[in-house]
>>> print(open('model-v3.tsv').read())   # TSV, C-alpha atoms
chain	number	residue	atom	x	y	z
F	1	MET	CA	72.71	-40.46	4.99
F	2	THR	CA	69.83	-39.07	3.06
F	3	GLU	CA	68.76	-35.60	3.83
F	4	LYS	CA	65.07	-35.21	4.45
F	5	THR	CA	63.44	-32.22	2.98
F	6	ALA	CA	60.24	-30.87	4.23
F	7	PRO	CA	57.38	-31.76	1.97
F	8	SER	CA	56.53	-28.83	-0.17
F	9	ASN	CA	53.00	-27.58	-0.13
F	10	PRO	CA	51.65	-27.42	-3.59
F	11	ALA	CA	50.45	-23.98	-4.54
F	12	PRO	CA	46.67	-23.72	-4.30
F	13	ALA	CA	44.97	-23.95	-7.61
F	14	ALA	CA	44.00	-20.57	-8.88
F	15	ARG	CA	40.27	-19.96	-8.61
F	16	PRO	CA	38.59	-18.86	-11.77
F	17	SER	CA	38.09	-15.11	-11.60
F	18	TRP	CA	34.36	-15.36	-12.30
F	19	ARG	CA	33.78	-17.21	-8.99
F	20	ARG	CA	34.51	-14.14	-6.91
F	21	PHE	CA	31.58	-12.33	-8.54
F	22	VAL	CA	28.99	-15.01	-7.77
F	23	PRO	CA	28.30	-14.18	-4.08
F	24	PRO	CA	27.80	-10.43	-4.66
F	25	LEU	CA	25.58	-11.12	-7.68
F	26	LEU	CA	23.46	-13.58	-5.71
F	27	ALA	CA	23.14	-11.09	-2.85
F	28	ALA	CA	22.14	-8.28	-5.23
F	29	GLY	CA	19.53	-10.52	-6.86
F	30	LEU	CA	18.05	-11.47	-3.49
F	31	VAL	CA	17.87	-7.82	-2.39
F	32	ALA	CA	16.13	-6.90	-5.66
F	33	VAL	CA	13.53	-9.67	-5.27
F	34	LEU	CA	12.85	-8.71	-1.64
F	35	GLY	CA	12.54	-5.04	-2.58
F	36	VAL	CA	10.02	-5.72	-5.33
F	37	THR	CA	8.05	-8.05	-3.07
F	38	LEU	CA	7.86	-5.54	-0.22
F	39	LEU	CA	6.99	-2.54	-2.35
F	40	ARG	CA	4.31	-4.23	-4.43
F	41	PRO	CA	1.52	-6.45	-3.14
F	42	ALA	CA	1.32	-9.93	-4.59
F	43	ARG	CA	-0.58	-9.97	-7.88
F	44	THR	CA	-1.98	-13.42	-7.18
F	45	ALA	CA	-3.71	-12.38	-3.94
F	46	THR	CA	-5.57	-9.14	-4.55
F	47	ASP	CA	-8.32	-9.54	-2.01
F	48	GLY	CA	-9.21	-11.13	1.30
F	49	GLY	CA	-7.51	-10.93	4.66
F	50	PRO	CA	-7.96	-11.66	8.34
F	51	LEU	CA	-10.21	-8.63	8.95
F	52	ILE	CA	-13.00	-9.79	6.64
F	53	GLY	CA	-16.19	-10.18	8.70
F	54	LYS	CA	-14.71	-8.37	11.71
F	55	ALA	CA	-15.20	-4.89	13.10
F	56	ALA	CA	-12.95	-2.39	11.39
F	57	PRO	CA	-10.12	-1.20	13.67
F	58	GLU	CA	-10.91	2.25	15.06
F	59	PHE	CA	-8.77	5.24	14.16
F	60	ASP	CA	-8.71	8.90	15.08
F	61	LEU	CA	-6.25	10.69	12.81
F	62	GLN	CA	-5.35	14.21	11.78
F	63	THR	CA	-6.32	15.36	8.30
F	64	LEU	CA	-3.84	17.10	6.04
F	65	ASP	CA	-5.79	20.34	6.48
F	66	GLY	CA	-5.49	20.25	10.28
F	67	GLY	CA	-8.77	18.70	11.39
F	68	THR	CA	-9.31	15.25	12.82
F	69	LEU	CA	-11.41	12.36	11.65
F	70	SER	CA	-12.36	9.17	13.44
F	71	LEU	CA	-13.91	6.04	12.03
F	72	ALA	CA	-16.55	6.32	14.79
F	73	SER	CA	-17.71	9.65	13.31
F	74	LEU	CA	-18.67	7.79	10.12
F	75	LYS	CA	-20.88	5.27	11.91
F	76	GLY	CA	-23.98	4.32	9.96
F	77	ARG	CA	-22.33	5.00	6.58
F	78	PRO	CA	-20.50	2.59	4.30
F	79	VAL	CA	-16.82	3.57	4.20
F	80	VAL	CA	-14.00	3.04	1.72
F	81	VAL	CA	-10.54	3.50	3.25
F	82	ASN	CA	-7.73	3.80	0.72
F	83	PHE	CA	-4.12	3.49	1.93
F	84	TRP	CA	-1.87	5.28	-0.57
F	85	ALA	CA	1.31	7.30	-1.15
F	86	SER	CA	2.21	9.93	-3.73
F	87	TRP	CA	5.22	7.92	-4.99
F	88	CYS	CA	3.02	4.89	-5.77
F	89	VAL	CA	2.33	4.43	-9.51
F	90	PRO	CA	-0.81	2.22	-9.05
F	91	CYS	CA	-2.16	4.88	-6.64
F	92	ARG	CA	-1.97	7.38	-9.49
F	93	GLN	CA	-3.76	4.97	-11.81
F	94	GLU	CA	-6.69	4.46	-9.42
F	95	ALA	CA	-7.00	8.10	-8.24
F	96	PRO	CA	-9.41	9.13	-11.05
F	97	LEU	CA	-11.79	6.36	-9.92
F	98	PHE	CA	-11.79	7.73	-6.37
F	99	ARG	CA	-12.35	11.27	-7.70
F	100	GLU	CA	-15.34	9.99	-9.72
F	101	LEU	CA	-16.68	8.01	-6.77
F	102	GLY	CA	-16.32	10.98	-4.42
F	103	ALA	CA	-18.14	13.30	-6.84
F	104	ARG	CA	-21.30	11.17	-6.91
F	105	PRO	CA	-24.42	12.87	-5.61
F	106	GLY	CA	-25.34	11.73	-2.12
F	107	ASN	CA	-21.79	11.19	-0.85
F	108	ALA	CA	-21.31	14.71	0.48
F	109	GLY	CA	-22.75	16.28	3.59
F	110	GLY	CA	-22.45	13.30	5.93
F	111	GLN	CA	-24.72	10.99	3.97
F	112	GLY	CA	-24.08	8.07	1.71
F	113	LEU	CA	-20.67	6.58	1.09
F	114	ALA	CA	-17.66	8.01	2.94
F	115	ILE	CA	-14.25	7.86	1.28
F	116	VAL	CA	-11.13	8.30	3.38
F	117	GLY	CA	-7.52	8.33	2.22
F	118	VAL	CA	-4.74	7.35	4.63
F	119	LEU	CA	-1.13	8.21	3.81
F	120	PHE	CA	1.07	5.13	4.12
F	121	ASN	CA	4.84	5.59	4.25
F	122	GLU	CA	4.53	8.97	2.59
F	123	THR	CA	8.04	10.36	2.35
F	124	ARG	CA	7.07	14.00	1.78
F	125	GLU	CA	3.73	15.40	2.86
F	126	GLN	CA	4.00	18.20	0.30
F	127	ASP	CA	4.07	15.56	-2.46
F	128	ALA	CA	0.81	14.15	-1.08
F	129	ARG	CA	-0.73	17.63	-1.24
F	130	TYR	CA	0.35	17.98	-4.90
F	131	PHE	CA	-1.14	14.54	-5.63
F	132	ILE	CA	-4.48	15.52	-4.05
F	133	ARG	CA	-4.58	18.76	-6.07
F	134	GLU	CA	-3.50	17.06	-9.31
F	135	TYR	CA	-6.32	14.50	-9.09
F	136	ALA	CA	-8.86	16.87	-7.49
F	137	LEU	CA	-9.57	14.51	-4.59
F	138	ALA	CA	-12.25	16.08	-2.42
F	139	TYR	CA	-12.41	13.57	0.43
F	140	PRO	CA	-10.37	13.68	3.66
F	141	ASN	CA	-6.82	12.36	3.61
F	142	LEU	CA	-5.25	11.46	6.93
F	143	ARG	CA	-1.76	11.34	8.38
F	144	ASP	CA	-0.79	8.00	9.91
F	145	PRO	CA	2.32	8.69	11.98
F	146	GLY	CA	4.26	5.51	12.61
F	147	ILE	CA	1.86	3.71	10.20
F	148	SER	CA	0.00	2.36	13.24
F	149	THR	CA	-3.37	2.46	11.47
F	150	GLY	CA	-1.87	0.73	8.45
F	151	ILE	CA	-0.47	-1.96	10.74
F	152	ASN	CA	-3.86	-2.40	12.45
F	153	TYR	CA	-5.43	-2.95	9.03
F	154	GLY	CA	-2.71	-5.37	7.94
F	155	VAL	CA	-1.48	-3.14	5.11
F	156	SER	CA	1.64	-4.58	3.50
F	157	GLY	CA	2.01	-2.23	0.55
F	158	VAL	CA	0.18	0.46	-1.35
F	159	PRO	CA	-2.37	0.86	-2.58
F	160	GLU	CA	-4.71	-1.18	-0.41
F	161	THR	CA	-8.40	-0.44	-0.09
F	162	VAL	CA	-10.74	-1.53	2.70
F	163	PHE	CA	-14.51	-1.67	2.20
F	164	ILE	CA	-16.46	-1.27	5.46
F	165	ASP	CA	-20.25	-1.66	5.64
F	166	LYS	CA	-22.58	0.74	7.48
F	167	ASN	CA	-22.36	-1.47	10.59
F	168	GLY	CA	-18.59	-0.98	10.78
F	169	VAL	CA	-17.70	-4.49	9.56
F	170	VAL	CA	-14.93	-5.07	7.01
F	171	GLN	CA	-16.55	-6.80	4.04
F	172	HIS	CA	-13.75	-6.65	1.48
F	173	MET	CA	-10.08	-5.72	1.12
F	174	ASP	CA	-8.30	-5.16	-2.18
F	175	ARG	CA	-4.53	-5.06	-2.60
F	176	GLY	CA	-2.95	-3.36	-5.56
F	177	GLY	CA	-4.28	-0.71	-7.88
F	178	LEU	CA	-8.02	-0.81	-8.44
F	179	ASP	CA	-9.62	-0.80	-11.83
F	180	ARG	CA	-13.34	-0.10	-12.27
F	181	ALA	CA	-14.34	-3.79	-12.07
F	182	ARG	CA	-12.40	-4.44	-8.84
F	183	LEU	CA	-13.71	-1.24	-7.27
F	184	ASN	CA	-17.27	-2.29	-8.12
F	185	VAL	CA	-16.74	-5.70	-6.47
F	186	GLY	CA	-15.82	-3.98	-3.21
F	187	LEU	CA	-18.67	-1.47	-3.45
F	188	ALA	CA	-21.21	-4.26	-4.04
F	189	LYS	CA	-20.03	-6.00	-0.87
F	190	ILE	CA	-20.92	-2.93	1.20
F	191	GLY	CA	-24.23	-2.27	-0.54
F	192	VAL	CA	-23.10	0.65	-2.68
F	193	PRO	CA	-23.94	0.85	-6.41
F	194	GLY	CA	-20.90	0.54	-8.67
F	195	LEU	CA	-19.52	3.19	-10.97
>>> encode(input="model-v3.tsv", output="C-alpha cells")
Amino acid sequence: MTEKTAPSNPAPAARPSWRRFVPPLLAAGLVAVLGVTLLRPARTATDGGPLIGKAAPEFDLQTLDGGTLSLASLKGRPVVVNFWASWCVPCRQEAPLFRELGARPGNAGGQGLAIVGVLFNETREQDARYFIREYALAYPNLRDPGISTGINYGVSGVPETVFIDKNGVVQHMDRGGLDRARLNVGLAKIGVPGL
C-alpha cells in the first residue's frame, strides 16, 4: 500500500524588496500634489469666477486695530478687496503695488478707490501686523474668523483680489500674485486709472 503524503505547499515566491516601497511613495506623491494645488491657485486660470457681474457679498469685519468695516460703508466707491496671508510669498511680491495704489492722491478721506485687505488663513496675527508694517500698508486689514468672507467670495488660495465697481458689482477677480499689468486690468474694469 502506498502511503499518501499531503501535497506540500510551495513556498510563496519572494517579492522583490522594491515593491514594498511603491505604495508609500505613490501616497507621498499624491499628498504633495494635493498640497501644492490647494496652497497655490491654478496658474492657468488667473481670473474670472461665478461672482462676476453679481453684487459683491456683504461683510462686516473687525479691523486689526480694533475698529469695524463693512462693505456697505464703502458704497459709491470702487473697491479692491485683497485676500492675503503673511506666510504667502506672492502676497509679499504684490504688496508694494498695493502700497503704491493706496498712496495715490484721492484715495484717502472716503473718496476715490477703497482698498481693503482680508486675512485668509492667517496662522499668527502678529505676523500679519509685521507684514503690514514692513510694506507700509495704510489701508484697513480685516480679520475673517472662520474664513466665512473668503468662502462667500469663493477664495481658494491666496492671494486673490476682487475688483468691485462703485455700484457694488464684482467686475473682476484675479487669483495669484498680481503684477502691475494684471492689477491695471482689474482697475480698468472698475473705472479706475492704472498705475
>>> closest_residue(input="model-v3.tsv", among="F:Tyr130, F:Phe21, F:Tyr135, F:Phe98", to="F:Asn82", atoms="all atoms listed in the file")
F:Phe98
>>> residues_around(input="model-v3.tsv", residues="stretch 159-176 of chain F", least_positions_apart="5", cutoff="9 Å", atoms="all atoms listed in the file", output="PyMOL selection string")
chain F and resi 40-43+45-49+51-57+71-72+74-85+88+90-91+94+113+120+153+182-183+185-187+189-191
>>> write_last_selection(input="model-v3.tsv", atoms="C-alpha atoms", output="compact mmCIF listing (two decimals), in the coordinates of the input")
# COMPACT_ATOMS: atom_id res chain seq x y z
CA ARG F 40 4.31 -4.23 -4.43
CA PRO F 41 1.52 -6.45 -3.14
CA ALA F 42 1.32 -9.93 -4.59
CA ARG F 43 -0.58 -9.97 -7.88
CA ALA F 45 -3.71 -12.38 -3.94
CA THR F 46 -5.57 -9.14 -4.55
CA ASP F 47 -8.32 -9.54 -2.01
CA GLY F 48 -9.21 -11.13 1.30
CA GLY F 49 -7.51 -10.93 4.66
CA LEU F 51 -10.21 -8.63 8.95
CA ILE F 52 -13.00 -9.79 6.64
CA GLY F 53 -16.19 -10.18 8.70
CA LYS F 54 -14.71 -8.37 11.71
CA ALA F 55 -15.20 -4.89 13.10
CA ALA F 56 -12.95 -2.39 11.39
CA PRO F 57 -10.12 -1.20 13.67
CA LEU F 71 -13.91 6.04 12.03
CA ALA F 72 -16.55 6.32 14.79
CA LEU F 74 -18.67 7.79 10.12
CA LYS F 75 -20.88 5.27 11.91
CA GLY F 76 -23.98 4.32 9.96
CA ARG F 77 -22.33 5.00 6.58
CA PRO F 78 -20.50 2.59 4.30
CA VAL F 79 -16.82 3.57 4.20
CA VAL F 80 -14.00 3.04 1.72
CA VAL F 81 -10.54 3.50 3.25
CA ASN F 82 -7.73 3.80 0.72
CA PHE F 83 -4.12 3.49 1.93
CA TRP F 84 -1.87 5.28 -0.57
CA ALA F 85 1.31 7.30 -1.15
CA CYS F 88 3.02 4.89 -5.77
CA PRO F 90 -0.81 2.22 -9.05
CA CYS F 91 -2.16 4.88 -6.64
CA GLU F 94 -6.69 4.46 -9.42
CA LEU F 113 -20.67 6.58 1.09
CA PHE F 120 1.07 5.13 4.12
CA TYR F 153 -5.43 -2.95 9.03
CA ARG F 182 -12.40 -4.44 -8.84
CA LEU F 183 -13.71 -1.24 -7.27
CA VAL F 185 -16.74 -5.70 -6.47
CA GLY F 186 -15.82 -3.98 -3.21
CA LEU F 187 -18.67 -1.47 -3.45
CA LYS F 189 -20.03 -6.00 -0.87
CA ILE F 190 -20.92 -2.93 1.20
CA GLY F 191 -24.23 -2.27 -0.54
>>> atom_distance(input="model-v3.tsv", atom1="atom CA of F:Val116", atom2="atom CA of F:Leu142")
7.6 Å
>>> atom_distance(input="model-v3.tsv", atom1="atom CA of F:Gln111", atom2="atom CA of F:Pro140")
14.6 Å
>>> residues_around(input="model-v3.tsv", residues="F:Glu122", least_positions_apart="4", cutoff="9 Å", atoms="only C-alpha atoms", output="JSON, numbers by chain")
{"F": [84, 85, 86, 87, 127, 128, 143]}
>>> closest_atom_pairs(input="model-v3.tsv", of="stretch 53-108 of chain F", to="stretch 146-149 of chain F", cutoff="9 Å", atoms="all atoms listed in the file", output="JSON lines")
{"residue": "F:Pro57", "atom": "CA", "partner": "F:Thr149", "partner_atom": "CA", "distance": 8.0}
{"residue": "F:Glu58", "atom": "CA", "partner": "F:Thr149", "partner_atom": "CA", "distance": 8.4}
{"residue": "F:Phe59", "atom": "CA", "partner": "F:Thr149", "partner_atom": "CA", "distance": 6.6}
{"residue": "F:Leu61", "atom": "CA", "partner": "F:Thr149", "partner_atom": "CA", "distance": 8.8}
>>> atom_distance(input="model-v3.tsv", atom1="atom CA of F:Pro105", atom2="atom CA of F:Gln93")
23.0 Å
>>> closest_residue(input="model-v3.tsv", among="F:Val89, F:Leu178, F:Ala95, F:Val192", to="F:Tyr139", atoms="only C-alpha atoms")
F:Ala95
>>> build_atoms(input="model-v3.tsv", residues="stretch 70-81 of chain F", atoms="all heavy atoms", output="short mmCIF file (atom, residue, chain, number, x, y, z; two decimals), in the frame of the given file")
data_model
loop_
_atom_site.label_atom_id
_atom_site.label_comp_id
_atom_site.auth_asym_id
_atom_site.auth_seq_id
_atom_site.Cartn_x
_atom_site.Cartn_y
_atom_site.Cartn_z
N SER F 70 -12.37 10.50 12.84
CA SER F 70 -12.36 9.17 13.44
C SER F 70 -13.30 8.27 12.65
O SER F 70 -14.26 8.75 12.04
CB SER F 70 -12.80 9.23 14.90
OG SER F 70 -14.16 9.59 14.97
N LEU F 71 -13.01 6.99 12.68
CA LEU F 71 -13.91 6.04 12.03
C LEU F 71 -15.27 6.08 12.72
O LEU F 71 -16.31 5.98 12.07
CB LEU F 71 -13.32 4.63 12.07
CG LEU F 71 -14.13 3.56 11.35
CD1 LEU F 71 -14.28 3.89 9.87
CD2 LEU F 71 -13.48 2.19 11.52
N ALA F 72 -15.29 6.27 14.04
CA ALA F 72 -16.55 6.32 14.79
C ALA F 72 -17.47 7.43 14.29
O ALA F 72 -18.69 7.28 14.30
CB ALA F 72 -16.26 6.50 16.28
N SER F 73 -16.89 8.54 13.80
CA SER F 73 -17.71 9.65 13.31
C SER F 73 -18.44 9.31 12.00
O SER F 73 -19.35 10.01 11.60
CB SER F 73 -16.85 10.90 13.10
OG SER F 73 -15.97 10.73 12.00
N LEU F 74 -18.05 8.21 11.37
CA LEU F 74 -18.67 7.79 10.12
C LEU F 74 -19.68 6.66 10.32
O LEU F 74 -20.17 6.08 9.35
CB LEU F 74 -17.58 7.36 9.12
CG LEU F 74 -16.51 8.42 8.83
CD1 LEU F 74 -15.41 7.83 7.97
CD2 LEU F 74 -17.13 9.64 8.18
N LYS F 75 -19.97 6.38 11.58
CA LYS F 75 -20.88 5.27 11.91
C LYS F 75 -22.21 5.43 11.18
O LYS F 75 -22.76 6.51 11.07
CB LYS F 75 -21.11 5.24 13.42
CG LYS F 75 -21.87 4.02 13.85
CD LYS F 75 -21.92 3.91 15.36
CE LYS F 75 -22.67 2.64 15.69
NZ LYS F 75 -22.30 2.12 16.96
N GLY F 76 -22.72 4.32 10.67
CA GLY F 76 -23.98 4.32 9.96
C GLY F 76 -23.83 4.54 8.46
O GLY F 76 -24.82 4.51 7.73
N ARG F 77 -22.61 4.79 8.01
CA ARG F 77 -22.33 5.00 6.58
C ARG F 77 -21.38 3.91 6.09
O ARG F 77 -20.48 3.51 6.81
CB ARG F 77 -21.65 6.35 6.35
CG ARG F 77 -22.47 7.53 6.76
CD ARG F 77 -21.68 8.81 6.66
NE ARG F 77 -21.34 9.15 5.28
CZ ARG F 77 -20.57 10.19 4.96
NH1 ARG F 77 -20.06 10.98 5.89
NH2 ARG F 77 -20.31 10.44 3.69
N PRO F 78 -21.54 3.44 4.86
CA PRO F 78 -20.50 2.59 4.30
C PRO F 78 -19.25 3.44 4.08
O PRO F 78 -19.35 4.63 3.77
CB PRO F 78 -21.10 2.11 2.97
CG PRO F 78 -22.22 3.02 2.66
CD PRO F 78 -22.65 3.66 3.95
N VAL F 79 -18.08 2.83 4.26
CA VAL F 79 -16.82 3.57 4.20
C VAL F 79 -15.83 2.81 3.32
O VAL F 79 -15.70 1.59 3.42
CB VAL F 79 -16.21 3.75 5.62
CG1 VAL F 79 -14.90 4.53 5.56
CG2 VAL F 79 -17.20 4.41 6.56
N VAL F 80 -15.12 3.57 2.49
CA VAL F 80 -14.00 3.04 1.72
C VAL F 80 -12.75 3.74 2.22
O VAL F 80 -12.67 4.97 2.18
CB VAL F 80 -14.18 3.28 0.20
CG1 VAL F 80 -12.94 2.86 -0.56
CG2 VAL F 80 -15.40 2.55 -0.32
N VAL F 81 -11.81 2.96 2.75
CA VAL F 81 -10.54 3.50 3.25
C VAL F 81 -9.45 3.07 2.29
O VAL F 81 -9.22 1.88 2.09
CB VAL F 81 -10.23 3.00 4.68
CG1 VAL F 81 -8.91 3.59 5.17
CG2 VAL F 81 -11.35 3.33 5.64
#
